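Data from protein13.cif: mmCIF, C-alpha atoms
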data_final
loop_
_atom_site.label_atom_id
_atom_site.label_comp_id
_atom_site.auth_asym_id
_atom_site.auth_seq_id
_atom_site.Cartn_x
_atom_site.Cartn_y
_atom_site.Cartn_z
CA MET A 1 77.03 109.26 84.73
CA LYS A 2 80.38 110.91 84.08
CA PHE A 3 82.74 112.78 86.35
CA ASN A 4 85.74 114.36 84.66
CA THR A 5 88.44 116.55 86.15
CA ASP A 6 92.06 117.21 85.25
CA ASP A 7 93.09 114.50 87.73
CA TYR A 8 90.55 111.73 87.20
CA LYS A 9 87.69 110.36 85.10
CA VAL A 10 84.89 108.23 86.51
CA TRP A 11 82.03 106.89 84.42
CA ASP A 12 79.79 103.87 83.93
CA ASP A 13 79.08 102.04 80.69
CA GLU A 14 76.17 99.93 79.44
CA ASN A 15 77.75 96.68 80.77
CA GLN A 16 77.47 97.47 84.50
CA THR A 17 81.14 98.49 84.52
CA VAL A 18 82.36 101.52 86.43
CA HIS A 19 85.62 102.92 85.05
CA ILE A 20 87.92 104.90 87.34
CA GLU A 21 91.00 106.44 85.72
CA GLY A 22 93.76 108.87 86.58
CA SER A 23 94.87 109.80 90.08
CA LEU A 24 92.55 110.01 93.10
CA ARG A 25 93.69 111.75 96.28
CA LEU A 26 90.46 113.00 97.81
CA GLY A 27 90.26 113.88 101.48
CA SER A 28 87.60 111.66 103.01
CA SER A 29 84.78 109.16 102.43
CA LYS A 30 82.47 112.16 102.02
CA GLU A 31 84.51 113.50 99.13
CA TYR A 32 84.49 110.05 97.52
CA ALA A 33 80.68 109.84 97.91
CA PHE A 34 80.10 110.48 94.20
CA ILE A 35 81.99 107.25 93.41
CA THR A 36 80.29 105.29 96.19
CA ASN A 37 76.89 106.50 94.95
CA LEU A 38 77.70 105.57 91.36
CA LEU A 39 78.79 102.06 92.38
CA HIS A 40 75.53 101.56 94.29
CA ASP A 41 73.45 102.98 91.43
CA VAL A 42 75.06 100.71 88.85
CA LEU A 43 74.55 97.70 91.10
CA LYS A 44 70.86 98.61 91.56
CA GLU A 45 70.41 98.97 87.80
CA SER A 46 71.45 95.35 87.42
CA ASP A 47 68.81 94.28 90.01
CA ASN A 48 71.66 93.63 92.42
CA LYS A 49 73.14 90.94 90.21
CA LYS A 50 76.38 92.27 88.75
CA ILE A 51 78.97 94.99 88.88
CA ASP A 52 82.47 95.37 87.50
CA ILE A 53 85.03 98.00 88.35
CA ASP A 54 87.78 98.79 85.86
CA LEU A 55 90.79 100.28 87.65
CA SER A 56 93.32 99.41 84.95
CA GLN A 57 94.00 103.09 84.27
CA LEU A 58 93.92 104.28 87.90
CA ILE A 59 97.54 105.09 88.59
CA PHE A 60 97.15 106.42 92.15
CA LEU A 61 94.65 105.88 94.95
CA ASN A 62 95.14 107.10 98.51
CA SER A 63 94.05 105.23 101.64
CA SER A 64 90.70 107.09 101.77
CA GLY A 65 90.00 105.75 98.28
CA ILE A 66 91.06 102.22 99.21
CA ASN A 67 88.69 102.55 102.17
CA ILE A 68 85.62 103.30 100.01
CA LEU A 69 86.38 100.42 97.63
CA SER A 70 86.72 98.15 100.65
CA LYS A 71 83.41 99.40 102.06
CA PHE A 72 81.75 98.60 98.75
CA ALA A 73 83.27 95.10 98.63
CA ILE A 74 81.92 94.45 102.13
CA TYR A 75 78.49 95.76 101.09
CA VAL A 76 78.45 93.41 98.08
CA ARG A 77 79.49 90.49 100.27
CA LYS A 78 76.62 91.17 102.67
CA GLN A 79 74.06 91.23 99.84
CA GLY A 80 75.13 87.78 98.62
CA ALA A 81 74.92 86.28 95.09
CA ILE A 82 76.37 89.25 93.19
CA THR A 83 78.87 88.83 90.40
CA PHE A 84 81.56 91.33 91.30
CA SER A 85 84.81 91.72 89.42
CA VAL A 86 87.65 94.20 89.62
CA LYS A 87 90.08 94.67 86.77
CA GLY A 88 93.52 96.03 87.51
CA SER A 89 96.86 96.43 85.79
CA LYS A 90 100.14 94.60 86.49
CA SER A 91 102.07 97.72 85.62
CA ILE A 92 100.47 99.93 88.29
CA PRO A 93 102.32 99.29 91.58
CA TRP A 94 99.65 100.18 94.17
CA GLN A 95 97.23 97.68 92.68
CA GLY A 96 99.35 94.58 93.28
CA LYS A 97 99.87 95.70 96.87
CA SER A 98 96.38 96.84 97.91
CA LEU A 99 93.75 95.27 95.65
CA PRO A 100 94.31 91.71 96.99
CA ASN A 101 92.94 93.01 100.31
CA LEU A 102 89.55 93.40 98.58
CA LYS A 103 89.59 89.68 97.89
CA LYS A 104 90.29 89.00 101.55
CA LEU A 105 87.21 91.02 102.43
CA TYR A 106 85.12 89.30 99.75
CA PRO A 107 86.62 85.96 98.62
CA ALA A 108 84.12 85.56 95.76
CA LEU A 109 85.46 88.73 94.13
CA GLU A 110 87.00 88.11 90.70
CA LEU A 111 90.23 90.04 90.63
CA GLU A 112 92.03 90.18 87.31
CA PHE A 113 95.30 91.90 86.45
CA THR A 114 96.00 92.58 82.80
CA MET B 1 98.06 107.12 130.93
CA THR B 2 97.89 110.87 130.24
CA PHE B 3 100.58 112.50 128.13
CA LYS B 4 102.32 115.13 130.19
CA LYS B 5 103.22 118.48 128.64
CA ASN B 6 106.96 119.09 128.55
CA SER B 7 107.65 115.41 127.79
CA VAL B 8 108.60 113.23 124.84
CA GLN B 9 107.03 109.92 123.92
CA ILE B 10 108.36 107.56 121.25
CA ILE B 11 106.24 104.78 119.74
CA GLY B 12 107.66 102.34 117.23
CA SER B 13 110.98 102.78 115.41
CA TYR B 14 112.15 106.37 115.61
CA ASN B 15 115.59 107.95 115.43
CA ASP B 16 116.02 111.38 113.90
CA LEU B 17 119.13 113.05 112.54
CA LEU B 18 120.56 116.53 112.65
CA ASP B 19 118.78 118.89 110.24
CA GLU B 20 121.77 119.32 107.93
CA GLN B 21 122.05 115.59 107.29
CA TYR B 22 118.79 115.36 105.34
CA ASP B 23 118.58 115.34 101.54
CA LEU B 24 115.35 117.32 101.64
CA ASN B 25 114.03 119.73 104.22
CA ILE B 26 110.71 121.19 103.05
CA GLU B 27 108.46 123.47 105.07
CA LEU B 28 104.88 123.98 104.02
CA HIS B 29 103.62 127.09 105.72
CA SER B 30 100.06 127.10 106.99
CA GLY B 31 97.77 129.71 105.61
CA ASP B 32 95.29 130.41 102.85
CA ASN B 33 97.82 129.45 100.20
CA LEU B 34 98.35 125.90 101.49
CA THR B 35 95.69 123.55 100.15
CA TRP B 36 95.01 119.83 100.16
CA SER B 37 96.31 119.50 96.61
CA HIS B 38 99.75 120.63 97.78
CA CYS B 39 100.10 117.30 99.61
CA GLY B 40 100.06 115.38 96.33
CA LEU B 41 102.23 117.95 94.60
CA THR B 42 104.88 117.72 97.32
CA ALA B 43 104.72 113.91 97.37
CA ASP B 44 105.23 113.90 93.59
CA TYR B 45 108.27 116.15 93.99
CA VAL B 46 109.85 113.91 96.66
CA ALA B 47 109.38 110.81 94.48
CA GLN B 48 110.77 112.58 91.42
CA PHE B 49 113.72 113.88 93.42
CA TYR B 50 114.76 110.37 94.40
CA SER B 51 114.01 108.94 90.97
CA LYS B 52 117.06 110.89 89.76
CA ILE B 53 119.44 108.96 91.98
CA LEU B 54 117.91 105.52 92.30
CA PRO B 55 118.07 102.53 89.86
CA THR B 56 116.39 103.25 86.56
CA GLU B 57 115.77 99.78 85.21
CA ASN B 58 112.07 98.94 84.96
CA PRO B 59 109.96 97.72 86.68
CA THR B 60 111.98 98.55 89.81
CA SER B 61 112.09 102.28 89.17
CA ASN B 62 108.31 102.39 88.76
CA GLU B 63 107.85 100.46 92.02
CA ILE B 64 110.29 102.65 93.96
CA PHE B 65 108.77 105.85 92.60
CA HIS B 66 105.28 104.78 93.56
CA THR B 67 106.25 103.60 97.04
CA ILE B 68 107.95 106.89 97.88
CA ASN B 69 105.04 108.77 96.31
CA TYR B 70 102.39 106.84 98.22
CA ILE B 71 104.10 107.05 101.61
CA ALA B 72 104.96 110.74 101.29
CA ASN B 73 101.39 111.43 100.16
CA GLU B 74 99.80 109.55 103.07
CA LEU B 75 102.03 111.25 105.64
CA LEU B 76 101.40 114.70 104.19
CA GLU B 77 97.63 114.14 103.95
CA ASN B 78 97.64 112.94 107.56
CA ALA B 79 99.54 116.05 108.67
CA PHE B 80 97.22 118.33 106.72
CA LYS B 81 94.10 116.73 108.21
CA PHE B 82 95.18 116.64 111.82
CA LYS B 83 97.53 119.58 112.31
CA SER B 84 96.59 122.42 114.58
CA ASP B 85 98.71 125.52 113.96
CA GLY B 86 102.06 125.91 112.37
CA HIS B 87 103.85 124.38 109.49
CA ILE B 88 104.20 120.93 108.03
CA VAL B 89 107.84 119.92 107.77
CA LEU B 90 109.04 117.11 105.53
CA GLN B 91 112.55 115.72 105.87
CA SER B 92 114.02 112.82 103.95
CA ILE B 93 117.25 110.96 103.42
CA ILE B 94 118.48 107.86 101.66
CA ASP B 95 121.10 105.88 103.54
CA HIS B 96 123.18 103.87 101.08
CA ARG B 97 125.00 101.79 103.68
CA ALA B 98 124.06 98.10 103.81
CA SER B 99 120.57 97.86 102.31
CA SER B 100 119.62 101.28 101.06
CA LYS B 101 116.98 102.78 103.26
CA LEU B 102 114.74 105.75 102.62
CA THR B 103 113.67 107.69 105.70
CA LEU B 104 110.83 110.20 105.54
CA ILE B 105 109.83 112.31 108.53
CA ILE B 106 106.77 114.55 108.58
CA SER B 107 106.28 116.89 111.54
CA ASN B 108 103.39 119.10 112.52
CA GLN B 109 101.68 120.47 115.60
CA ILE B 110 98.59 118.90 117.10
CA ASN B 111 96.27 119.84 119.94
CA ILE B 112 96.95 118.38 123.35
CA ASN B 113 93.50 116.73 123.42
CA GLN B 114 94.42 114.67 120.33
CA VAL B 115 97.40 113.08 122.04
CA ASP B 116 95.98 110.48 124.41
CA PRO B 117 93.53 108.94 121.86
CA LEU B 118 96.33 108.84 119.30
CA ILE B 119 98.75 107.12 121.65
CA GLU B 120 96.06 104.56 122.44
CA GLN B 121 95.45 103.83 118.73
CA LEU B 122 99.17 103.59 118.00
CA SER B 123 99.77 101.24 120.92
CA ILE B 124 97.14 98.91 119.48
CA LEU B 125 98.70 99.24 116.04
CA ILE B 126 102.25 98.33 117.02
CA ASN B 127 101.12 95.39 119.13
CA SER B 128 98.80 93.86 116.52
CA ASP B 129 99.03 91.57 113.52
CA VAL B 130 98.80 94.37 110.97
CA GLU B 131 97.00 92.43 108.26
CA GLN B 132 94.37 91.27 110.75
CA LEU B 133 94.05 94.82 112.12
CA MET B 134 93.61 96.18 108.62
CA LEU B 135 90.73 93.82 107.87
CA GLU B 136 89.12 94.64 111.24
CA LYS B 137 89.40 98.39 110.63
CA LEU B 138 87.94 98.06 107.12
CA GLU B 139 85.01 96.02 108.49
CA ALA B 140 84.48 98.60 111.25
CA ASN B 141 84.65 101.49 108.74
CA ALA B 142 82.05 99.74 106.60
CA ILE B 143 79.42 100.11 109.32
CA SER B 144 80.42 103.52 110.59
CA ASP B 145 79.91 106.99 109.18
CA ASP B 146 83.05 108.26 110.88
CA ASP B 147 86.23 106.59 109.71
CA SER B 148 88.45 109.60 110.18
CA THR B 149 90.51 108.19 113.04
CA SER B 150 90.98 104.66 111.86
CA CYS B 151 94.76 104.93 111.28
CA LEU B 152 94.11 103.23 107.96
CA GLY B 153 96.83 105.23 106.23
CA PHE B 154 99.43 103.96 108.72
CA ILE B 155 98.16 100.42 108.39
CA THR B 156 98.37 100.43 104.58
CA MET B 157 101.93 101.76 104.73
CA ILE B 158 102.98 98.91 107.03
CA ASN B 159 100.91 96.11 105.52
CA ASP B 160 101.01 96.93 101.80
CA TYR B 161 104.34 98.77 101.53
CA ASP B 162 106.47 97.10 104.24
CA ALA B 163 107.22 100.48 105.81
CA SER B 164 108.54 100.66 109.34
CA LEU B 165 106.81 103.50 111.20
CA GLY B 166 107.67 105.42 114.34
CA TRP B 167 106.11 108.37 116.12
CA LYS B 168 107.69 111.02 118.33
CA ILE B 169 105.30 113.19 120.32
CA SER B 170 106.89 116.05 122.20
CA GLY B 171 105.34 118.80 124.27
CA ASN B 172 106.61 121.99 125.82
CA GLU B 173 105.64 124.22 128.73
CA ASN B 174 102.97 125.98 126.70
CA GLU B 175 101.12 122.76 125.72
CA LYS B 176 102.39 123.09 122.16
CA ILE B 177 102.62 119.50 120.94
CA THR B 178 104.67 118.43 117.95
CA ILE B 179 104.24 115.06 116.33
CA SER B 180 106.87 113.65 114.00
CA ILE B 181 106.12 110.52 112.04
CA MET B 182 109.03 108.57 110.60
CA ALA B 183 108.58 106.07 107.77
CA GLN B 184 111.48 103.86 106.74
CA ILE B 185 111.55 101.65 103.69
CA SER B 186 114.28 99.45 102.33
CA ILE B 187 115.02 100.40 98.74
CA ASP B 188 116.60 97.02 97.99
CA ASN B 189 113.41 95.22 98.84
CA PHE B 190 111.06 96.07 95.99
CA GLY B 191 108.50 93.99 94.18
CA THR B 192 104.81 93.24 94.23
CA LYS B 193 103.93 92.19 97.75
CA LYS B 194 101.30 89.59 97.01
#

The structure in this file should be written as structure tokens.
Amino acid sequence: MKFNTDDYKVWDDENQTVHIEGSLRLGSSKEYAFITNLLHDVLKESDNKKIDIDLSQLIFLNSSGINILSKFAIYVRKQGAITFSVKGSKSIPWQGKSLPNLKKLYPALELEFT
Amino acid sequence: MTFKKNSVQIIGSYNDLLDEQYDLNIELHSGDNLTWSHCGLTADYVAQFYSKILPTENPTSNEIFHTINYIANELLENAFKFKSDGHIVLQSIIDHRASSKLTLIISNQININQVDPLIEQLSILINSDVEQLMLEKLEANAISDDDSTSCLGFITMINDYDASLGWKISGNENEKITISIMAQISIDNFGTKK
């Protein structure tokens, strides 16, 4: 699946990785549903074993976006035994501030900053 | 406790200035021409405005830009979502005395029936361990379809960006209620939080 606009690009690849790039400032969980649905679909395709999210090119995410990532991390935690990693970038300020909260919600999350 | 029309209630750290003392005084007028995307556009402008006068050595300038951008964006999105009639007003100033401090104030009108629930939420917010409250709200949002009133934007500003927030809610005879939200951040205090 691919979602491209002038502001952001969201797509999944053949390695159970969902890439989210650009700047996301959508208004509510409902408007972010296409990303939530994609994350769930990719996880299902791996028989609920593995999912990676690459945020290393996501330069802005508002609190509604942080909320849906958090919801997904909690969902993964409740399923148990899923390899879940999030890749971020050291040079993108919001990520160092807000992504560690995902690890507090799901301690087994592999969080890597490149 | 019910908010009484024709009164003023302050929650948190709030002290406004005279209009002419602000660096920026922007009014976004409600109507068909004001859209959600104007929140981000205005937040970008505020961050770029201050990037012209603040330190330019990296990575600090990138951090400062993003913090101003994020906080302005959250406050504007909040105003856009919850305003009733009238305009959204953004005011900002950087105080260079002692540790440089950026103050952003966003004002808008809300309906009188929004006031009491809001005051209740804010009272919980200012009396809680913010990190703990954030995790609780995220867990609660995960099992609810309605997360629109979770105050998550405020919590991220305080917990992730070290912003100090204050709210002024004032009403007049005609039940017109104005809310002004003040965010203060120390410019000298930048760096990755965790």

**Message:** Using the chain letters and numbers from this file, what does the PyMOL selection byres ((chain B) within 8 of (chain A)) select? Give the answer as a list in words.
**Reply:**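 This file gives the following for the PyMOL selection byres ((chain B) within 8 of (chain A)): Trp36, Gly40, Pro59, Asn62, Glu63, His66, Thr67, Tyr70, Asn73, Glu74, Glu77, Leu135, Leu138, Glu139, Asn141, Ala142, Asp147, Ser148, Leu152, Gly153, Thr156, Asp160, Tyr161, Thr192, Lys193 and Lys194 of chain B.
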
**Prompt:** Any idea what's packed within 12 Å of B:Asn127, counting all atoms listed in the file, ignoring anything in its chain fewer than 6 positions away? Could you give it as a list in words?
**Reply:** Ile11, Gly12, Glu120, Gln121 and Leu133 of chain B

**Asked** Expanded to explicit residues, what is the PyMOL selection byres ((chain B and resi 46) around 9) for this file, as a count of residues only?
**Response** 15

**Request:** Find the distance between atom CA of B:Pro117 and atom CA of B:Gly171 and write it in Å to one decimal.
**Result:**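 Value for the atom CA of B:Pro117-atom CA of B:Gly171 distance: 15.6 Å.
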
**Request:** Do a neighbour search on B:Asn113 at 12 Å with all atoms listed in the file, toss out local chain neighbours closer than 3 positions, and write the hits as a PyMOL selection string.
**Result:** chain B and resi 2-5+82+84+109-110+116-119+175-177

Please, could you write that set of residues out with C-alpha atoms as a PDB file, in the coordinates of the input?
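This is the output file selection24.pdb:
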ATOM      1  CA  THR B   2      97.890 110.870 130.240  1.00  0.00           C
ATOM      2  CA  PHE B   3     100.580 112.500 128.130  1.00  0.00           C
ATOM      3  CA  LYS B   4     102.320 115.130 130.190  1.00  0.00           C
ATOM      4  CA  LYS B   5     103.220 118.480 128.640  1.00  0.00           C
ATOM      5  CA  PHE B  82      95.180 116.640 111.820  1.00  0.00           C
ATOM      6  CA  SER B  84      96.590 122.420 114.580  1.00  0.00           C
ATOM      7  CA  GLN B 109     101.680 120.470 115.600  1.00  0.00           C
ATOM      8  CA  ILE B 110      98.590 118.900 117.100  1.00  0.00           C
ATOM      9  CA  ASP B 116      95.980 110.480 124.410  1.00  0.00           C
ATOM     10  CA  PRO B 117      93.530 108.940 121.860  1.00  0.00           C
ATOM     11  CA  LEU B 118      96.330 108.840 119.300  1.00  0.00           C
ATOM     12  CA  ILE B 119      98.750 107.120 121.650  1.00  0.00           C
ATOM     13  CA  GLU B 175     101.120 122.760 125.720  1.00  0.00           C
ATOM     14  CA  LYS B 176     102.390 123.090 122.160  1.00  0.00           C
ATOM     15  CA  ILE B 177     102.620 119.500 120.940  1.00  0.00           C
TER      16      ILE B 177
END

**Polymer residues at most 12 Å from stretch 48-51 of chain A, all atoms listed in the file, same-chain spacing of 4 or more positions, as a PyMOL selection string** = chain A and resi 12-19+38-44+72-73+75-87+109-110

I'd like the neighbourhood of stretch 85-90 of chain B as a PDB file with C-alpha atoms, in the coordinates of the input, where a residue qualifies if any of its atoms comes within 8 Å (using all atoms listed in the file), though same-chain residues fewer than 5 positions away should be ignored.
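Saved file selection_11.pdb follows:
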ATOM      1  CA  LEU B  24     115.350 117.320 101.640  1.00  0.00           C
ATOM      2  CA  ASN B  25     114.030 119.730 104.220  1.00  0.00           C
ATOM      3  CA  ILE B  26     110.710 121.190 103.050  1.00  0.00           C
ATOM      4  CA  GLU B  27     108.460 123.470 105.070  1.00  0.00           C
ATOM      5  CA  LEU B  28     104.880 123.980 104.020  1.00  0.00           C
ATOM      6  CA  HIS B  29     103.620 127.090 105.720  1.00  0.00           C
ATOM      7  CA  SER B  30     100.060 127.100 106.990  1.00  0.00           C
ATOM      8  CA  LEU B  76     101.400 114.700 104.190  1.00  0.00           C
ATOM      9  CA  ALA B  79      99.540 116.050 108.670  1.00  0.00           C
ATOM     10  CA  PHE B  80      97.220 118.330 106.720  1.00  0.00           C
ATOM     11  CA  LEU B 104     110.830 110.200 105.540  1.00  0.00           C
ATOM     12  CA  ILE B 105     109.830 112.310 108.530  1.00  0.00           C
ATOM     13  CA  ILE B 106     106.770 114.550 108.580  1.00  0.00           C
ATOM     14  CA  SER B 107     106.280 116.890 111.540  1.00  0.00           C
ATOM     15  CA  ASN B 108     103.390 119.100 112.520  1.00  0.00           C
ATOM     16  CA  GLN B 109     101.680 120.470 115.600  1.00  0.00           C
ATOM     17  CA  ILE B 110      98.590 118.900 117.100  1.00  0.00           C
TER      18      ILE B 110
END

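Atom CA of B:Tyr22 lies 18.2 Å from atom CA of B:Ile179.
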
**Message:** Let me make sure I understand: among B:Val8, B:Ala163, B:Met134, B:Ile143, which one has the smallest atom-to-atom distance to B:Ser186 if we use all atoms listed in the file?
**Reply:**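 Distance minimum relative to B:Ser186 lands on B:Ala163.
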
**Prompt:** Evaluating the PyMOL selection byres ((chain A and resi 5) around 12) on the displayed file yields which residues, as a VMD selection string?
**Reply:** chain A and resid 2 to 4 6 to 11 20 to 24

**Asked** Can you tell me, as an MDAnalysis selection string, which residues sit within 10 Å of (111.1, 112.1, 127.3) in the file's frame, using all atoms listed in the file?
**Response** chainID B and resid 4 6:10 168:171

Keeping C-alpha atoms, export the residues of the selection given above as an mmCIF file, in the coordinates of the input.
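Printed below is out.cif as written:
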data_model
loop_
_atom_site.group_PDB
_atom_site.id
_atom_site.type_symbol
_atom_site.label_atom_id
_atom_site.label_comp_id
_atom_site.auth_asym_id
_atom_site.auth_seq_id
_atom_site.Cartn_x
_atom_site.Cartn_y
_atom_site.Cartn_z
ATOM 1 C CA LYS B 4 102.320 115.130 130.190
ATOM 2 C CA ASN B 6 106.960 119.090 128.550
ATOM 3 C CA SER B 7 107.650 115.410 127.790
ATOM 4 C CA VAL B 8 108.600 113.230 124.840
ATOM 5 C CA GLN B 9 107.030 109.920 123.920
ATOM 6 C CA ILE B 10 108.360 107.560 121.250
ATOM 7 C CA LYS B 168 107.690 111.020 118.330
ATOM 8 C CA ILE B 169 105.300 113.190 120.320
ATOM 9 C CA SER B 170 106.890 116.050 122.200
ATOM 10 C CA GLY B 171 105.340 118.800 124.270
#

**Request:** In Å, rounded to a single decimal, give me how far atom CA of B:Gly166 is from atom CA of B:Ile181.
**Result:** 5.8 Å
